[in-house]
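Enquirer: Pasting in a structure now, in structure tokens, and then I'll have a few things to ask.
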Amino acid sequence: MSLPANQNCSIARTLTVLGQKWNLLLLREAFLGRTRFAEFQRIGIPNATLGQRLNDLVRAGLMERVTYQEEGERSREEYFLTKAGRDVLPVLAALSAWGDRHRPQETGQGVRYATDGKRPVHLEFRDDHGEPVDQDTVSIIRGPAYYAALAAAVGRPSDRARGDDHSS
């Protein structure tokens with residue numbers, strides 16, 4: 001991650017949080033309504049790892065920890081998605097769609113996405129005018145942060161530091 005191309009890459013920064021084993025599955029469980037440590041344990045994660053991953057997600061701002069206490073019990077903690085955590089939903093949907101397409105199960109989809117719990121929804125690319133775009137026409141283009149980091153790494157300014165990338 002220390003290379004200039006990675007230091008200012010939003011994908012690389014995202015992977016520092018979402019690329020940890022278990023984190024996406026814990027977020028999936030949170031979207032399914034799980035909030036308590038014991039509920040998260042059901043995915044088969046070791047307790048020590050679960051505690052660390054929940055701490056990581058809280059520290060990264062994807063979940064918040066809230067103390068609760070049932071009558072006659074000691075206080076415990078629940079974990080709820082923050083705005084940043086809820087913004088991971090399209091990532092989960094994209095991973096699910098890819099898995100269903102390229103690693104299907106005979107029994108069907110593991111999870112589905114729907115609005116109002118009824119109408120199925122899916123992800124797609126749209127242009128600035130809201131029109132659907134075929135993903136085969138979409139390319140990744142380096143942004144200004146990439147060129148600024150590259151120029152800083154070699155110690156000289158670059159025209160590309162302004163994001164003037166005309167190659168694909």
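All residue names refer to the structure tokens as shown: chains lettered A, B, ... in order, residues numbered from 1 in each chain, ligands numbered from 1 in order.
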Please run DSSP on the backbone and report, as a ChimeraX atom specification, all residues within chain A that come out as alpha helix (DSSP H).
Expert: /A:4-7,10-18,23-31,37-41,47-59,83-86,89-102,144-154
Enquirer: Skipping near chain neighbours, those fewer than 6 positions away, what residues fall within 9 Å of region 109-124 of chain A using only C-alpha atoms, listed as a VMD selection string?
Expert: chain A and resid 90 93 to 94 96 to 97 99 to 100 132 to 135
Enquirer: Select from region 59-150 of chain A everything DSSP, run on the backbone, classes as strand (DSSP E), then give the selection as a PyMOL selection string.
Expert: chain A and resi 63-68+76-81+114-115+119-120+125-126+132-133
Enquirer: Produce a file of the selected residues containing N, CA and C atoms, as a PDB file, in the first residue's frame.
Expert:
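Below you can see again.pdb, which holds the result:
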```
ATOM      1  N   MET A  63     -19.462   1.417  12.194  1.00  0.00           N
ATOM      2  CA  MET A  63     -20.425   0.981  13.197  1.00  0.00           C
ATOM      3  C   MET A  63     -20.233   1.844  14.443  1.00  0.00           C
ATOM      4  N   GLU A  64     -21.287   1.933  15.228  1.00  0.00           N
ATOM      5  CA  GLU A  64     -21.178   2.600  16.514  1.00  0.00           C
ATOM      6  C   GLU A  64     -21.577   1.610  17.605  1.00  0.00           C
ATOM      7  N   ARG A  65     -20.941   1.761  18.735  1.00  0.00           N
ATOM      8  CA  ARG A  65     -21.164   0.887  19.884  1.00  0.00           C
ATOM      9  C   ARG A  65     -22.105   1.601  20.842  1.00  0.00           C
ATOM     10  N   VAL A  66     -23.166   0.901  21.251  1.00  0.00           N
ATOM     11  CA  VAL A  66     -24.146   1.454  22.173  1.00  0.00           C
ATOM     12  C   VAL A  66     -24.310   0.473  23.328  1.00  0.00           C
ATOM     13  N   THR A  67     -24.195   0.976  24.551  1.00  0.00           N
ATOM     14  CA  THR A  67     -24.334   0.139  25.739  1.00  0.00           C
ATOM     15  C   THR A  67     -25.815  -0.055  26.052  1.00  0.00           C
ATOM     16  N   TYR A  68     -26.160  -1.281  26.402  1.00  0.00           N
ATOM     17  CA  TYR A  68     -27.522  -1.577  26.849  1.00  0.00           C
ATOM     18  C   TYR A  68     -27.432  -2.486  28.072  1.00  0.00           C
ATOM     19  N   ARG A  76     -24.031  -4.558  28.457  1.00  0.00           N
ATOM     20  CA  ARG A  76     -23.417  -5.137  27.257  1.00  0.00           C
ATOM     21  C   ARG A  76     -23.463  -4.092  26.163  1.00  0.00           C
ATOM     22  N   GLU A  77     -22.908  -4.468  25.021  1.00  0.00           N
ATOM     23  CA  GLU A  77     -22.866  -3.520  23.914  1.00  0.00           C
ATOM     24  C   GLU A  77     -23.545  -4.077  22.679  1.00  0.00           C
ATOM     25  N   GLU A  78     -24.183  -3.177  21.961  1.00  0.00           N
ATOM     26  CA  GLU A  78     -24.758  -3.485  20.655  1.00  0.00           C
ATOM     27  C   GLU A  78     -24.006  -2.663  19.630  1.00  0.00           C
ATOM     28  N   TYR A  79     -24.073  -3.094  18.399  1.00  0.00           N
ATOM     29  CA  TYR A  79     -23.362  -2.426  17.304  1.00  0.00           C
ATOM     30  C   TYR A  79     -24.364  -2.080  16.218  1.00  0.00           C
ATOM     31  N   PHE A  80     -24.349  -0.808  15.828  1.00  0.00           N
ATOM     32  CA  PHE A  80     -25.273  -0.321  14.809  1.00  0.00           C
ATOM     33  C   PHE A  80     -24.490   0.325  13.674  1.00  0.00           C
ATOM     34  N   LEU A  81     -25.018   0.189  12.473  1.00  0.00           N
ATOM     35  CA  LEU A  81     -24.398   0.813  11.308  1.00  0.00           C
ATOM     36  C   LEU A  81     -24.495   2.331  11.406  1.00  0.00           C
ATOM     37  N   ALA A 114     -33.923  -5.851  -2.184  1.00  0.00           N
ATOM     38  CA  ALA A 114     -35.259  -5.448  -2.610  1.00  0.00           C
ATOM     39  C   ALA A 114     -35.620  -4.129  -1.948  1.00  0.00           C
ATOM     40  N   THR A 115     -36.484  -3.387  -2.601  1.00  0.00           N
ATOM     41  CA  THR A 115     -37.014  -2.164  -2.015  1.00  0.00           C
ATOM     42  C   THR A 115     -38.358  -2.505  -1.384  1.00  0.00           C
ATOM     43  N   ARG A 119     -39.900  -5.551  -4.024  1.00  0.00           N
ATOM     44  CA  ARG A 119     -39.460  -5.399  -5.414  1.00  0.00           C
ATOM     45  C   ARG A 119     -37.942  -5.549  -5.522  1.00  0.00           C
ATOM     46  N   PRO A 120     -37.457  -6.522  -6.309  1.00  0.00           N
ATOM     47  CA  PRO A 120     -36.009  -6.709  -6.459  1.00  0.00           C
ATOM     48  C   PRO A 120     -35.350  -5.471  -7.069  1.00  0.00           C
ATOM     49  N   PHE A 125     -24.503   1.152 -13.691  1.00  0.00           N
ATOM     50  CA  PHE A 125     -23.843   2.431 -13.929  1.00  0.00           C
ATOM     51  C   PHE A 125     -24.835   3.371 -14.601  1.00  0.00           C
ATOM     52  N   ARG A 126     -24.767   4.657 -14.223  1.00  0.00           N
ATOM     53  CA  ARG A 126     -25.585   5.692 -14.858  1.00  0.00           C
ATOM     54  C   ARG A 126     -24.694   6.891 -15.123  1.00  0.00           C
ATOM     55  N   PRO A 132     -28.828   4.837 -18.087  1.00  0.00           N
ATOM     56  CA  PRO A 132     -28.026   3.632 -17.862  1.00  0.00           C
ATOM     57  C   PRO A 132     -26.866   3.540 -18.858  1.00  0.00           C
ATOM     58  N   VAL A 133     -25.730   3.017 -18.383  1.00  0.00           N
ATOM     59  CA  VAL A 133     -24.536   2.871 -19.211  1.00  0.00           C
ATOM     60  C   VAL A 133     -24.103   1.406 -19.158  1.00  0.00           C
TER      61      VAL A 133
END
```
Enquirer: Measure the distance from CA of Leu95 (chain A) to CA of Lys21 (chain A) in Å and round it to one decimal.
Expert: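 Answer for the CA of Leu95 (chain A) to CA of Lys21 (chain A) separation: 14.3 Å.
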Enquirer: Just how far from CA of Arg59 (chain A) is CA of Val17 (chain A), in Å to one decimal?
Expert: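 CA of Val17 (chain A) sits 9.7 Å away from CA of Arg59 (chain A).
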Enquirer: Please build the interface table for region 8-31 of chain A against region 47-53 of chain A with a cut-off of 9 Å, listing for each qualifying residue the nearest atom pair and the distance in Å to one decimal; count only C-alpha atoms, order rows by chain and increasing number, and write it as a Markdown table.
Expert:
```
| residue | atom | partner | partner_atom | distance |
| --- | --- | --- | --- | --- |
| A:Gln20 | CA | A:Arg53 | CA | 8.2 |
| A:Lys21 | CA | A:Arg53 | CA | 8.7 |
| A:Trp22 | CA | A:Arg53 | CA | 7.3 |
| A:Asn23 | CA | A:Arg53 | CA | 6.4 |
| A:Leu26 | CA | A:Arg53 | CA | 8.3 |
```
Enquirer: For the selection just defined, write its residues with all heavy atoms to a file, as an mmCIF file, in the first residue's frame.
Expert:
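Contents of the output file again.cif:
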```
data_model
loop_
_atom_site.group_PDB
_atom_site.id
_atom_site.type_symbol
_atom_site.label_atom_id
_atom_site.label_comp_id
_atom_site.auth_asym_id
_atom_site.auth_seq_id
_atom_site.Cartn_x
_atom_site.Cartn_y
_atom_site.Cartn_z
ATOM 1 N N GLN A 20 -10.390 -6.531 5.239
ATOM 2 C CA GLN A 20 -10.093 -7.454 6.324
ATOM 3 C C GLN A 20 -11.078 -8.622 6.299
ATOM 4 O O GLN A 20 -12.278 -8.420 6.145
ATOM 5 C CB GLN A 20 -10.187 -6.739 7.681
ATOM 6 C CG GLN A 20 -9.198 -5.627 7.868
ATOM 7 C CD GLN A 20 -7.779 -6.134 7.929
ATOM 8 O OE1 GLN A 20 -7.513 -7.179 8.495
ATOM 9 N NE2 GLN A 20 -6.868 -5.412 7.311
ATOM 10 N N LYS A 21 -10.521 -9.824 6.466
ATOM 11 C CA LYS A 21 -11.389 -10.993 6.510
ATOM 12 C C LYS A 21 -12.439 -10.770 7.593
ATOM 13 O O LYS A 21 -12.134 -10.270 8.659
ATOM 14 C CB LYS A 21 -10.559 -12.235 6.815
ATOM 15 C CG LYS A 21 -11.352 -13.516 6.784
ATOM 16 C CD LYS A 21 -10.460 -14.710 7.017
ATOM 17 C CE LYS A 21 -11.297 -15.970 7.027
ATOM 18 N NZ LYS A 21 -10.486 -17.151 7.284
ATOM 19 N N TRP A 22 -13.647 -11.099 7.341
ATOM 20 C CA TRP A 22 -14.806 -11.029 8.222
ATOM 21 C C TRP A 22 -15.532 -9.690 8.186
ATOM 22 O O TRP A 22 -16.737 -9.656 8.462
ATOM 23 C CB TRP A 22 -14.463 -11.357 9.686
ATOM 24 C CG TRP A 22 -13.971 -12.748 9.907
ATOM 25 C CD1 TRP A 22 -12.699 -13.110 10.234
ATOM 26 C CD2 TRP A 22 -14.724 -13.967 9.823
ATOM 27 N NE1 TRP A 22 -12.613 -14.476 10.360
ATOM 28 C CE2 TRP A 22 -13.845 -15.024 10.114
ATOM 29 C CE3 TRP A 22 -16.053 -14.255 9.530
ATOM 30 C CZ2 TRP A 22 -14.252 -16.350 10.125
ATOM 31 C CZ3 TRP A 22 -16.451 -15.575 9.540
ATOM 32 C CH2 TRP A 22 -15.557 -16.607 9.829
ATOM 33 N N ASN A 23 -14.867 -8.574 7.878
ATOM 34 C CA ASN A 23 -15.532 -7.274 7.997
ATOM 35 C C ASN A 23 -16.775 -7.155 7.121
ATOM 36 O O ASN A 23 -17.814 -6.663 7.574
ATOM 37 C CB ASN A 23 -14.563 -6.134 7.714
ATOM 38 C CG ASN A 23 -13.608 -5.900 8.862
ATOM 39 O OD1 ASN A 23 -13.563 -6.674 9.822
ATOM 40 N ND2 ASN A 23 -12.825 -4.853 8.772
ATOM 41 N N LEU A 26 -19.550 -9.233 8.617
ATOM 42 C CA LEU A 26 -20.142 -8.579 9.790
ATOM 43 C C LEU A 26 -21.075 -7.450 9.367
ATOM 44 O O LEU A 26 -22.161 -7.284 9.942
ATOM 45 C CB LEU A 26 -19.049 -8.046 10.718
ATOM 46 C CG LEU A 26 -18.237 -9.130 11.441
ATOM 47 C CD1 LEU A 26 -17.050 -8.517 12.156
ATOM 48 C CD2 LEU A 26 -19.129 -9.906 12.403
#
```
Enquirer: Residues near region 5-10 of chain A, anyone? I mean within 7 Å using only C-alpha atoms, not counting same-chain ones fewer than 6 positions away, as JSON, numbers by chain.
Expert: {"A": [145, 146, 149, 150]}
Enquirer: Deliver the residues from the most recent selection as a file, using C-alpha atoms, as an mmCIF file, in the first residue's frame.
Expert:
```cif
data_model
loop_
_atom_site.group_PDB
_atom_site.id
_atom_site.type_symbol
_atom_site.label_atom_id
_atom_site.label_comp_id
_atom_site.auth_asym_id
_atom_site.auth_seq_id
_atom_site.Cartn_x
_atom_site.Cartn_y
_atom_site.Cartn_z
ATOM 1 C CA ALA A 145 -4.576 12.493 -6.434
ATOM 2 C CA TYR A 146 -2.768 9.699 -8.266
ATOM 3 C CA ALA A 149 1.320 11.473 -5.383
ATOM 4 C CA LEU A 150 3.400 10.283 -8.316
#
```
Enquirer: Which residue, A:Leu62, A:Glu70, A:Ser139, A:Pro104, has the smallest gap to Thr14 (chain A) when you use only C-alpha atoms?
Expert: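 Residue with the minimum atom-to-atom distance to Thr14 (chain A): A:Leu62.
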Enquirer: Using CA of Val88 (chain A) and CA of Leu27 (chain A) as the two end points, give the distance in Å to one decimal.
Expert: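 Straight-line distance from CA of Val88 (chain A) to CA of Leu27 (chain A) works out to 8.0 Å.
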Enquirer: May I ask which of the residues A:Pro144, A:Asp127, A:Arg28, A:Gly155 is the closest one to Asp87 (chain A), counting only C-alpha atoms?
Expert: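 Comparing A:Pro144, A:Asp127, A:Arg28, A:Gly155 against Asp87 (chain A), the winner is A:Arg28.
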Enquirer: Excluding Gly61 (chain A) and its own-chain neighbours fewer than 5 positions away, which residues fall within 8 Å of it when counting only C-alpha atoms? Please give them as an NGL selection string.
Expert: :A and (82 or 84-85)
